[in-house]
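Enquirer: I'd like to ask some things about the structure below.
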Amino acid sequence: MAVDYHVHVAAHGEYHYSEEWLNLYLQNARQRGIQAIGLAEHEEYRDRADQALIERLRRPDLYVARGLEIDFIPGREETIKEMLDQYPLDFVIGSVHYIDGWPFDHPDYRQQFASADIDQVYSQYFALVDKLVGCGLFDIVGHLDLIKIWGHRPKLKNSLQYALPVLHSIKTAGMIIEINSAGIRKPVGEVYPAWKIIEEMFRLGLPVTMGSDAHNPDQVAEDFAEITRSLWDIGYRKVVAFRGRKPYLLPLII
Ligand SMILES: [Zn+2]
Ligand SMILES: [Zn+2]
């Protein structure tokens with residue numbers, strides 16, 4: 001284990017940046033062998049991130065990186081650019097949470113899957129992820145196959161076939177894919193992206209980072225020991241961290 005670059009301290013707006021609250025995240029990160037933790041607030045809570053506090057709590061054994069998780073919606077590129085210029089960032093995660101205005105990963109809107117053509121939905125989702133990659137604004141692709149969150153599977157092609165063109169775009173763009181453990185605690189019950197996609201990523205030489213998508217301190221580095229072992233078995237020996245939006249490699253420690 002080395003990095004957890006997807007952590008929400010403000011969660012979905014329930015929490016504020018106090019020294020006490022942020023320290024709970026950092027203590028758990030240290031205990032769980034994390035060397036660099038990346039705070040990636042959802043863009044709507046970006047003003048909650050207390051930059052002075054983050055700098056003050058940074059220690060030589062635990063780098064606290066400043067990031068954001070931004071919703072990619074086509075047409076928002078200029079707004080996103082402005083957001084990225086507001087303060088210095090170490091990394092930016094781009095995520096697709098909406099298909100044509102449908103917040104498909106939100107429990108209140110899950111029902112829309114019941115009447116949807118799942119292959120069509122997969123196709124639309126991965127086309128959006130491909131646009132996200134192509135826009136060149138982000139460092140990390142967030143939860144690459146989030147569309148599976150509720151356990152819906154395509155029929156005409158498998159998930160890897162839907163994801164494959166995007167993997168090639170990511171390689172061309174030089175972006176980093178996160179191995180996101182949050183899927184394990186969601187109905188789908190597996191990591192984002194699926195292991196068969198991660199195996200293909202390794203074959204293509206795509207580097208990875210790791211993220212828990214923690215929305216409370218207990219979830220920091222959740223399930224990382226198992227994930228790290230599986231990444232090692234596939235062949236990965238390094239993970240990527242970021243400073244000042246520049247990637248650097250750390251050894252994957254099992
Ligand atoms: Zn997300
Ligand atoms: Zn997140």
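Residue numbering restarts at 1 for every chain of the structure tokens, chains are lettered A, B, ... in their displayed order, and ligands are numbered from 1 as they appear.
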What does the list of residues within 7 Å of ligand 2 look like if you count only C-alpha atoms and all ligand atoms, written as a ChimeraX atom specification?
Expert: /A:6-8,42,69,213
Enquirer: Just want the residues within 7 Å of ligand 1, written as a list in words, counting only C-alpha atoms and all ligand atoms.
Expert: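 The distance check yields Glu69, Ser95, His97, Gly142 and His143 of chain A.
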Enquirer: Please produce a file of those selected residues containing C-alpha atoms, as a compact mmCIF listing (two decimals), in the first residue's frame.
Expert:
```txt
# COMPACT_ATOMS: atom_id res chain seq x y z
CA GLU A 69 -13.15 15.41 -8.31
CA SER A 95 -15.55 11.53 -13.37
CA HIS A 97 -21.67 10.84 -12.89
CA GLY A 142 -12.31 8.33 -11.80
CA HIS A 143 -14.01 4.93 -11.26
```
Enquirer: As a ChimeraX atom specification, which residues of range 128-230 of chain A does DSSP assign to strand (DSSP E)?
Expert: /A:140-141,176-180,208-211
Enquirer: Let me make sure I understand: among A:Cys135, A:Ile140, A:Ile149, A:Ala11, which one has the smallest atom-to-atom distance to Gly211 in chain A if we use only C-alpha atoms?
Expert: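 Of all the options, A:Ile140 lies closest to Gly211 in chain A.
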Enquirer: For range 137-139 of chain A, list every protein, DNA or RNA residue within 6 Å, evaluated using only C-alpha atoms, and leave out those in the same chain fewer than 4 positions away; present the list as a ChimeraX atom specification.
Expert: /A:92-94,175
Enquirer: Write to file, as an mmCIF file, in the first residue's frame, the residues of the selection just made, with N, CA and C atoms.
Expert:
```cif
data_model
loop_
_atom_site.group_PDB
_atom_site.id
_atom_site.type_symbol
_atom_site.label_atom_id
_atom_site.label_comp_id
_atom_site.auth_asym_id
_atom_site.auth_seq_id
_atom_site.Cartn_x
_atom_site.Cartn_y
_atom_site.Cartn_z
ATOM 1 N N VAL A 92 -6.185 16.278 -10.390
ATOM 2 C CA VAL A 92 -7.608 16.459 -10.683
ATOM 3 C C VAL A 92 -8.168 15.145 -11.231
ATOM 4 N N ILE A 93 -9.243 14.680 -10.593
ATOM 5 C CA ILE A 93 -9.933 13.486 -11.066
ATOM 6 C C ILE A 93 -11.115 13.931 -11.918
ATOM 7 N N GLY A 94 -11.235 13.341 -13.098
ATOM 8 C CA GLY A 94 -12.417 13.580 -13.926
ATOM 9 C C GLY A 94 -13.329 12.377 -13.834
ATOM 10 N N MET A 175 -2.995 9.598 -19.424
ATOM 11 C CA MET A 175 -3.692 9.759 -18.141
ATOM 12 C C MET A 175 -3.511 8.525 -17.260
#
```
Enquirer: Neighbours of Tyr5 in chain A within 10 Å (only C-alpha atoms; same-chain residues fewer than 2 positions away dropped), as a PyMOL selection string?
Expert: chain A and resi 2-3+7-8+34+36-40+64-67+91-93+140+178-180+209-214+220-221+240-242
Enquirer: Those same residues - N, CA and C atoms - I'd like them written as a compact mmCIF listing (two decimals), in the first residue's frame.
Expert:
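The file below, result05.txt, is the result:
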```txt
# COMPACT_ATOMS: atom_id res chain seq x y z
N ALA A 2 0.47 2.25 -0.71
CA ALA A 2 1.27 3.46 -0.73
C ALA A 2 0.43 4.73 -0.80
N VAL A 3 -0.59 4.75 -1.62
CA VAL A 3 -1.34 6.00 -1.81
C VAL A 3 -2.86 5.77 -1.76
N VAL A 7 -10.15 10.87 -1.69
CA VAL A 7 -10.71 10.97 -0.34
C VAL A 7 -11.56 12.23 -0.24
N HIS A 8 -12.78 12.07 0.30
CA HIS A 8 -13.70 13.20 0.48
C HIS A 8 -13.82 13.52 1.96
N ILE A 34 -0.34 4.34 4.38
CA ILE A 34 -0.42 5.27 3.25
C ILE A 34 0.69 6.33 3.37
N ALA A 36 0.99 8.86 0.86
CA ALA A 36 0.46 10.10 0.27
C ALA A 36 -1.05 9.96 0.17
N ILE A 37 -1.75 10.96 0.69
CA ILE A 37 -3.22 10.93 0.66
C ILE A 37 -3.69 12.10 -0.20
N GLY A 38 -4.63 11.84 -1.06
CA GLY A 38 -5.11 12.88 -1.97
C GLY A 38 -6.54 13.27 -1.62
N LEU A 39 -6.72 14.53 -1.23
CA LEU A 39 -8.06 15.02 -0.88
C LEU A 39 -8.72 15.52 -2.16
N ALA A 40 -9.80 14.89 -2.53
CA ALA A 40 -10.44 15.18 -3.82
C ALA A 40 -11.91 15.50 -3.59
N VAL A 64 0.06 15.29 2.03
CA VAL A 64 -1.37 15.53 1.84
C VAL A 64 -1.53 16.33 0.55
N ALA A 65 -2.05 15.66 -0.46
CA ALA A 65 -2.17 16.29 -1.78
C ALA A 65 -3.54 16.94 -1.91
N ARG A 66 -3.56 18.07 -2.61
CA ARG A 66 -4.80 18.82 -2.82
C ARG A 66 -5.35 18.51 -4.21
N GLY A 67 -6.56 17.99 -4.23
CA GLY A 67 -7.15 17.65 -5.51
C GLY A 67 -8.61 18.03 -5.58
N PHE A 91 -3.60 17.41 -8.11
CA PHE A 91 -4.17 16.45 -9.06
C PHE A 91 -5.66 16.73 -9.25
N VAL A 92 -6.18 16.28 -10.39
CA VAL A 92 -7.61 16.46 -10.68
C VAL A 92 -8.17 15.14 -11.23
N ILE A 93 -9.24 14.68 -10.59
CA ILE A 93 -9.93 13.49 -11.07
C ILE A 93 -11.11 13.93 -11.92
N ILE A 140 -6.51 12.11 -13.67
CA ILE A 140 -6.92 10.75 -13.31
C ILE A 140 -8.35 10.50 -13.82
N GLU A 178 -7.51 5.23 -11.85
CA GLU A 178 -7.49 4.86 -10.43
C GLU A 178 -8.12 3.48 -10.26
N ILE A 179 -7.54 2.72 -9.34
CA ILE A 179 -8.18 1.49 -8.88
C ILE A 179 -8.98 1.92 -7.65
N ASN A 180 -10.31 1.94 -7.78
CA ASN A 180 -11.18 2.56 -6.79
C ASN A 180 -11.93 1.46 -6.04
N THR A 209 -3.19 4.52 -10.16
CA THR A 209 -3.13 5.01 -8.80
C THR A 209 -4.23 4.30 -8.03
N MET A 210 -4.33 4.56 -6.73
CA MET A 210 -5.36 3.90 -5.94
C MET A 210 -6.19 4.93 -5.19
N GLY A 211 -7.48 4.63 -5.04
CA GLY A 211 -8.37 5.54 -4.32
C GLY A 211 -9.48 4.76 -3.63
N SER A 212 -9.82 5.20 -2.42
CA SER A 212 -10.89 4.51 -1.67
C SER A 212 -12.24 5.18 -1.87
N ASP A 213 -12.23 6.44 -2.39
CA ASP A 213 -13.47 7.21 -2.47
C ASP A 213 -14.12 7.32 -1.08
N ALA A 214 -13.26 7.41 -0.06
CA ALA A 214 -13.75 7.49 1.32
C ALA A 214 -14.63 8.72 1.50
N VAL A 220 -10.96 5.21 4.65
CA VAL A 220 -9.64 5.49 4.06
C VAL A 220 -8.91 4.16 3.80
N ALA A 221 -8.41 4.00 2.60
CA ALA A 221 -7.63 2.80 2.21
C ALA A 221 -8.41 1.49 2.42
N VAL A 240 1.05 5.43 -8.95
CA VAL A 240 1.32 6.83 -9.27
C VAL A 240 0.75 7.74 -8.18
N ALA A 241 1.54 8.74 -7.79
CA ALA A 241 1.05 9.83 -6.94
C ALA A 241 1.28 11.12 -7.72
N PHE A 242 0.72 12.22 -7.24
CA PHE A 242 0.87 13.49 -7.95
C PHE A 242 1.27 14.61 -6.99
```
Enquirer: Write out as a ChimeraX atom specification which residues come within 10 Å of Arg237 in chain A when counting only C-alpha atoms, dropping same-chain ones fewer than 6 positions away.
Expert: /A:207,228,231,249-254
Enquirer: Produce a file of the selected residues containing C-alpha atoms, as a PDB file, in the first residue's frame.
Expert:
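Below you can see selection05.pdb, which holds the result:
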```
ATOM      1  CA  PRO A 207      -0.042   3.024 -14.903  1.00  0.00           C
ATOM      2  CA  THR A 228      -2.619  -4.448  -3.646  1.00  0.00           C
ATOM      3  CA  LEU A 231      -2.379  -5.784  -8.540  1.00  0.00           C
ATOM      4  CA  LEU A 249       5.959   6.667  -9.095  1.00  0.00           C
ATOM      5  CA  LEU A 250       6.008   4.978  -5.722  1.00  0.00           C
ATOM      6  CA  PRO A 251       6.682   1.288  -5.117  1.00  0.00           C
ATOM      7  CA  LEU A 252       3.612  -0.892  -4.641  1.00  0.00           C
ATOM      8  CA  ILE A 253       4.143  -2.453  -1.232  1.00  0.00           C
ATOM      9  CA  ILE A 254       2.395  -5.700  -0.320  1.00  0.00           C
TER      10      ILE A 254
END
```
Enquirer: As a compact mmCIF listing (two decimals) with C-alpha atoms, in the first residue's frame, please: every residue in range 93-191 of chain A that DSSP puts in helix (DSSP H, G or I).
Expert:
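Now in result.txt:
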```
# COMPACT_ATOMS: atom_id res chain seq x y z
CA PRO A 107 -29.73 5.88 -5.32
CA ASP A 108 -32.79 8.11 -5.93
CA TYR A 109 -32.36 7.74 -9.71
CA ARG A 110 -31.42 4.08 -9.84
CA GLN A 111 -34.91 3.07 -11.04
CA GLN A 112 -34.23 4.54 -14.46
CA PHE A 113 -32.07 1.48 -15.21
CA ILE A 118 -28.34 -1.53 -20.69
CA ASP A 119 -26.11 -1.91 -23.76
CA GLN A 120 -27.15 1.55 -24.89
CA VAL A 121 -26.44 2.95 -21.42
CA TYR A 122 -22.96 1.33 -21.38
CA SER A 123 -22.29 2.67 -24.82
CA GLN A 124 -23.34 6.22 -23.84
CA TYR A 125 -21.39 6.06 -20.59
CA PHE A 126 -18.11 4.96 -22.16
CA ALA A 127 -18.52 7.50 -24.97
CA LEU A 128 -18.67 10.19 -22.26
CA VAL A 129 -15.59 8.76 -20.51
CA ASP A 130 -13.80 8.88 -23.86
CA LYS A 131 -14.73 12.57 -24.23
CA LEU A 132 -13.51 13.19 -20.68
CA VAL A 133 -10.15 11.70 -21.62
CA GLY A 134 -10.04 13.65 -24.88
CA CYS A 135 -10.68 17.06 -23.27
CA LEU A 146 -18.96 3.24 -12.50
CA ILE A 147 -21.93 2.44 -14.75
CA LYS A 148 -21.98 -1.09 -13.24
CA SER A 159 -17.65 -4.62 -20.12
CA LEU A 160 -14.07 -5.00 -21.32
CA GLN A 161 -15.21 -4.62 -24.93
CA TYR A 162 -17.02 -1.40 -24.00
CA ALA A 163 -14.01 -0.12 -22.07
CA LEU A 164 -11.27 -1.10 -24.54
CA PRO A 165 -11.45 1.92 -26.90
CA VAL A 166 -11.29 4.19 -23.85
CA LEU A 167 -8.17 2.37 -22.60
CA HIS A 168 -6.47 3.17 -25.90
CA SER A 169 -7.51 6.84 -25.61
CA ILE A 170 -6.14 6.94 -22.06
CA LYS A 171 -2.83 5.54 -23.26
CA THR A 172 -2.61 8.19 -25.96
CA ALA A 173 -3.54 10.94 -23.49
CA SER A 181 -12.24 0.29 -3.93
CA ALA A 182 -15.66 1.92 -3.40
CA GLY A 183 -17.32 -0.52 -5.81
CA ILE A 184 -16.71 -3.29 -3.28
CA ARG A 185 -19.10 -1.62 -0.82
```
Enquirer: Need the shell around Ile54 in chain A: protein/DNA/RNA residues with any atom at most 9 Å away, counting only C-alpha atoms. Skip same-chain ones fewer than 2 positions apart. Format as a count of residues only?
Expert: 12
